[in-house]
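*Asks:* Take a look at the following structure, please.
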Amino acid sequence: MAEELQATQAAQQTDPSQAQQPVQIPEVAKPVSKFGQQKEVEIKRADGGVDKYLLQYPGIRKAMEIIDNSTMPNGQLARSTFADQILEHVVVQPARLTLDDFDEREGINQLVDEADEFLGELWQ
């Protein structure tokens with residue numbers, strides 16, 4: 001009996017059909033980075049013209065910091081601080097806009113709402 005077992009094992013070692021095949025590990029798709037994704041938004045003015053803005057995702061850390069920095073102790077969002085943060089970190093064109101620029105421009109509320117929605121889409 002022991003001789004038969006040894007003969008079977010020896011046959012399996014020399015028989016290529018009995019050799020173990022390497023295990024195929026499936027490739028896992030790398031997640032696509034959201035950092036730097038952009039969206040162009042158009043804000044209509046009262047005179048019928050359109051102002052175009054380019055929004056860019058600043059990354060999850062900065063997006064969270066924008067919310068954290070804009071939240072008052074009572075839990076409410078400080079809209080002016082939120083707008084400042086959006087203009088500084090999300091609106092990339094035109095560059096270096098500030099909230100004060102909107103004394104002479106229209107659409108700050110719509111722009112902030114668009115940027116907020118844009119961040120929310122990529123935050124998930």
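Identifiers in this document derive from the order of the structure tokens: chains are assigned A, B, ..., residues are numbered from 1 separately in each chain, and ligands are numbered from 1 in order of occurrence.
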Which neighbours of Asn69 of chain A fall inside 10 Å, counting only C-alpha atoms, when residues of the same chain fewer than 3 positions from it are skipped, and could you give them as a compact mmCIF listing (two decimals) with N, CA and C atoms, in the first residue's frame?
*Replies:*
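Saved file part29.txt follows:
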# COMPACT_ATOMS: atom_id res chain seq x y z
N MET A 64 -13.91 69.64 3.09
CA MET A 64 -14.36 69.54 4.48
C MET A 64 -13.93 70.77 5.28
N GLU A 65 -12.73 71.26 5.02
CA GLU A 65 -12.26 72.46 5.72
C GLU A 65 -13.12 73.67 5.39
N ILE A 66 -13.58 73.76 4.15
CA ILE A 66 -14.46 74.87 3.76
C ILE A 66 -15.72 74.85 4.62
N MET A 72 -20.72 78.20 12.07
CA MET A 72 -20.73 78.99 13.30
C MET A 72 -20.95 78.07 14.50
N LEU A 77 -24.47 77.72 8.89
CA LEU A 77 -23.43 78.09 7.94
C LEU A 77 -23.34 79.60 7.85
N ALA A 78 -22.15 80.13 8.01
CA ALA A 78 -21.91 81.57 7.82
C ALA A 78 -21.73 81.79 6.32
N THR A 81 -18.61 83.73 4.95
CA THR A 81 -17.37 82.96 5.09
C THR A 81 -17.34 81.82 4.07
N PHE A 82 -18.48 81.16 3.90
CA PHE A 82 -18.58 80.08 2.92
C PHE A 82 -18.29 80.62 1.52
N GLN A 85 -14.59 81.28 1.07
CA GLN A 85 -13.86 80.03 0.90
C GLN A 85 -14.07 79.44 -0.50
*Asks:* Do you know which residues are at most 8 Å from Leu99 of chain A counting only C-alpha atoms, after dropping those on the same chain fewer than 4 positions away, and could you put them as an NGL selection string?
*Replies:* :A and (80 or 83-84 or 87 or 103 or 108)
*Asks:* Those selected residues, please, written with N, CA and C atoms and delivered as a compact mmCIF listing (two decimals), in the first residue's frame.
*Replies:*
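Resulting contents of out24.txt:
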# COMPACT_ATOMS: atom_id res chain seq x y z
N SER A 80 -21.29 84.32 4.30
CA SER A 80 -20.20 85.16 3.78
C SER A 80 -18.86 84.43 3.86
N ALA A 83 -18.87 81.77 1.18
CA ALA A 83 -18.63 82.37 -0.14
C ALA A 83 -17.16 82.73 -0.32
N ASP A 84 -16.54 83.31 0.73
CA ASP A 84 -15.11 83.63 0.65
C ASP A 84 -14.28 82.37 0.37
N LEU A 87 -14.85 81.11 -3.25
CA LEU A 87 -14.15 81.95 -4.23
C LEU A 87 -12.65 81.71 -4.18
N ASP A 103 -19.85 93.42 -5.53
CA ASP A 103 -20.53 94.71 -5.44
C ASP A 103 -20.80 95.22 -6.85
N ILE A 108 -23.79 86.27 -7.15
CA ILE A 108 -22.98 85.59 -6.12
C ILE A 108 -23.76 84.44 -5.48
*Asks:* When you count only C-alpha atoms, which of these residues is closest to Ala46 of chain A: A:Leu122, A:Val112, A:Arg105, A:Ile67?
*Replies:*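 Checking each candidate against Ala46 of chain A, we get A:Arg105 as the closest.
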*Asks:* Quick one: of A:Gly107, A:Lys52, A:Gly36, A:Gly120, who's nearest to His89 of chain A, counting only C-alpha atoms?
*Replies:* A:Gly36
*Asks:* Interatomic distance between atom CA of Val92 of chain A and atom CA of Pro73 of chain A?
*Replies:*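 Atom CA of Pro73 of chain A lies at a distance of 29.3 Å from atom CA of Val92 of chain A.
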*Asks:* Identify, on the basis of only C-alpha atoms, every residue whose closest approach to Ala95 of chain A does not exceed 12 Å; exclude the query and any residue fewer than 6 positions from it along the same chain; express the result as a PDB file with N, CA, C and O atoms, in the first residue's frame.
*Replies:*
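Result file is result_15.pdb:
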ATOM      1  N   LYS A  52     -19.231  83.534 -17.097  1.00  0.00           N
ATOM      2  CA  LYS A  52     -18.793  82.141 -17.007  1.00  0.00           C
ATOM      3  C   LYS A  52     -17.749  82.008 -15.910  1.00  0.00           C
ATOM      4  O   LYS A  52     -16.866  82.856 -15.766  1.00  0.00           O
ATOM      5  N   TYR A  53     -17.878  80.923 -15.156  1.00  0.00           N
ATOM      6  CA  TYR A  53     -16.957  80.623 -14.071  1.00  0.00           C
ATOM      7  C   TYR A  53     -16.508  79.178 -14.208  1.00  0.00           C
ATOM      8  O   TYR A  53     -17.298  78.315 -14.574  1.00  0.00           O
ATOM      9  N   LEU A  54     -15.258  78.928 -13.880  1.00  0.00           N
ATOM     10  CA  LEU A  54     -14.735  77.573 -13.888  1.00  0.00           C
ATOM     11  C   LEU A  54     -14.510  77.142 -12.444  1.00  0.00           C
ATOM     12  O   LEU A  54     -13.772  77.797 -11.701  1.00  0.00           O
ATOM     13  N   LEU A  55     -15.168  76.058 -12.058  1.00  0.00           N
ATOM     14  CA  LEU A  55     -15.035  75.494 -10.721  1.00  0.00           C
ATOM     15  C   LEU A  55     -14.077  74.312 -10.792  1.00  0.00           C
ATOM     16  O   LEU A  55     -14.072  73.570 -11.770  1.00  0.00           O
ATOM     17  N   GLN A  56     -13.290  74.136  -9.745  1.00  0.00           N
ATOM     18  CA  GLN A  56     -12.365  73.006  -9.684  1.00  0.00           C
ATOM     19  C   GLN A  56     -12.418  72.382  -8.297  1.00  0.00           C
ATOM     20  O   GLN A  56     -12.336  73.092  -7.293  1.00  0.00           O
ATOM     21  N   ILE A  86     -15.299  79.508  -0.986  1.00  0.00           N
ATOM     22  CA  ILE A  86     -15.614  79.003  -2.337  1.00  0.00           C
ATOM     23  C   ILE A  86     -14.835  79.792  -3.384  1.00  0.00           C
ATOM     24  O   ILE A  86     -14.236  79.219  -4.301  1.00  0.00           O
ATOM     25  N   LEU A  87     -14.852  81.112  -3.254  1.00  0.00           N
ATOM     26  CA  LEU A  87     -14.149  81.955  -4.230  1.00  0.00           C
ATOM     27  C   LEU A  87     -12.645  81.713  -4.184  1.00  0.00           C
ATOM     28  O   LEU A  87     -11.971  81.746  -5.217  1.00  0.00           O
ATOM     29  N   GLU A  88     -12.121  81.440  -3.006  1.00  0.00           N
ATOM     30  CA  GLU A  88     -10.677  81.232  -2.873  1.00  0.00           C
ATOM     31  C   GLU A  88     -10.228  79.850  -3.337  1.00  0.00           C
ATOM     32  O   GLU A  88      -9.186  79.716  -3.976  1.00  0.00           O
ATOM     33  N   HIS A  89     -11.016  78.818  -3.028  1.00  0.00           N
ATOM     34  CA  HIS A  89     -10.536  77.448  -3.238  1.00  0.00           C
ATOM     35  C   HIS A  89     -11.244  76.656  -4.333  1.00  0.00           C
ATOM     36  O   HIS A  89     -10.766  75.586  -4.708  1.00  0.00           O
ATOM     37  N   ASP A 101     -15.813  91.780  -4.965  1.00  0.00           N
ATOM     38  CA  ASP A 101     -15.962  91.954  -6.415  1.00  0.00           C
ATOM     39  C   ASP A 101     -17.430  91.906  -6.825  1.00  0.00           C
ATOM     40  O   ASP A 101     -17.800  92.444  -7.867  1.00  0.00           O
TER      41      ASP A 101
END
*Asks:* Considering only strand (DSSP E) as DSSP defines it on the backbone, what residues of segment 36-86 of chain A qualify? List them as a count of residues only.
*Replies:* 14
*Asks:* Got a sec: who's within 9 Å of Lys34 of chain A, counting only C-alpha atoms, leaving out chain neighbours fewer than 5 positions off, as a ChimeraX atom specification?
*Replies:* /A:57-60,122-123
*Asks:* Report the distance between atom CA of Leu111 of chain A and atom CA of Glu42 of chain A in Å, rounded to one decimal place.
*Replies:*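 Separation of atom CA of Leu111 of chain A and atom CA of Glu42 of chain A: 8.5 Å.
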